[in-house]
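Accompanying notes for the structure given below.
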Amino acid sequence: MSSSRRGLLSLLLFVLWIKGGTDGSDVSQTSMLWTKKGQDATMNCSHTKGAQYFQMYWYRQLPGETMELVVFTSTAQRGGEHDFGAFSKEKFSATKTEAERGTFTVKKVEPEDKGLYFCSVAEHSDTNP
């Protein structure tokens, strides 16, 4: 590794899949991101599937591990709170102000954050007849 890249971490980002059986060509995401240790890394995700696809999921896969859901976001969530499950809001944040786009941030990047980060969107389904 060159001296100019020493101390940089890579977060490889790409779209893994889209719920609903599409090939992913209508979803765009930051493809690769380099940042320095201690800085934040923000990824963008957008789609052209329509406003009914307002649910967004962010996953990560660390080297040698299985994929994990980090956060579920939706423009329909009350109070703008996103569901981070077991993950810390101190380490991750997300925004979702429009149906067609959102962001995901890994705060204060450390070497152990290096991995694959995936964005996925889903259509809202109303179960009422």
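Each chain in the structure tokens gets a letter, A, B and so on, in the order shown; residues start at 1 in every chain, and ligands are counted from 1 in the order they appear.
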Backbone DSSP call of helix (DSSP H, G or I) for stretch 80-124 of chain A, listed as a PyMOL selection string = chain A and resi 80+111-113
Store the residues picked out above in a file with C-alpha atoms, as an mmCIF file, in the first residue's frame.
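The resulting file, result_33.cif, is shown below:
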data_model
loop_
_atom_site.group_PDB
_atom_site.id
_atom_site.type_symbol
_atom_site.label_atom_id
_atom_site.label_comp_id
_atom_site.auth_asym_id
_atom_site.auth_seq_id
_atom_site.Cartn_x
_atom_site.Cartn_y
_atom_site.Cartn_z
ATOM 1 C CA GLY A 80 -38.657 9.877 12.475
ATOM 2 C CA PRO A 111 -10.485 -0.832 11.088
ATOM 3 C CA GLU A 112 -13.103 -3.336 12.303
ATOM 4 C CA ASP A 113 -15.792 -1.445 10.311
#
Shell of 7 Å around A:Ala41, only C-alpha atoms, local chain residues under 6 positions omitted, as a PyMOL selection string | chain A and resi 35+105-107+109
Would you mind telling me which residue in A:Asn44, A:Gln55, A:Gln61, A:Gln39 lies nearest to A:Gly102 when using only C-alpha atoms?
-> A:Asn44
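If you measure from each of A:Cys45, A:Ala99, A:Arg60, A:Asp40 to A:Phe118 using only C-alpha atoms, the closest one turns out to be A:Arg60.
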For each of A:Thr30, A:Ser46, A:Thr97, A:Ser120, take the minimum atom-to-atom distance to A:Tyr59, counting only C-alpha atoms, then give the residue where this is smallest.
-> A:Ser120
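Residue nearest A:Glu65, chosen from A:Glu100, A:Glu110, A:Leu116, A:Phe84 and counting only C-alpha atoms: A:Leu116.
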Taking only C-alpha atoms into account, which of A:Ala51, A:Met32, A:Ala94, A:Met67 comes nearest A:Ala122?
-> A:Ala51
Test item: residues at most 8 Å from A:Met43, only C-alpha atoms, excluding those fewer than 6 positions along its chain, as a PyMOL selection string = chain A and resi 13+29-30+33+103-105
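The gap separating atom CA of A:Val27 from atom CA of A:Lys49 is 7.8 Å, in Å to one decimal.
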For atom CA of A:Tyr53 and atom CA of A:Glu98, quote the distance in Å rounded to one decimal.
-> 10.2 Å
Determine the nearest neighbour of A:Lys114 from the options A:Phe87, A:Phe72, A:Trp34, A:Tyr57, counting only C-alpha atoms.
-> A:Trp34
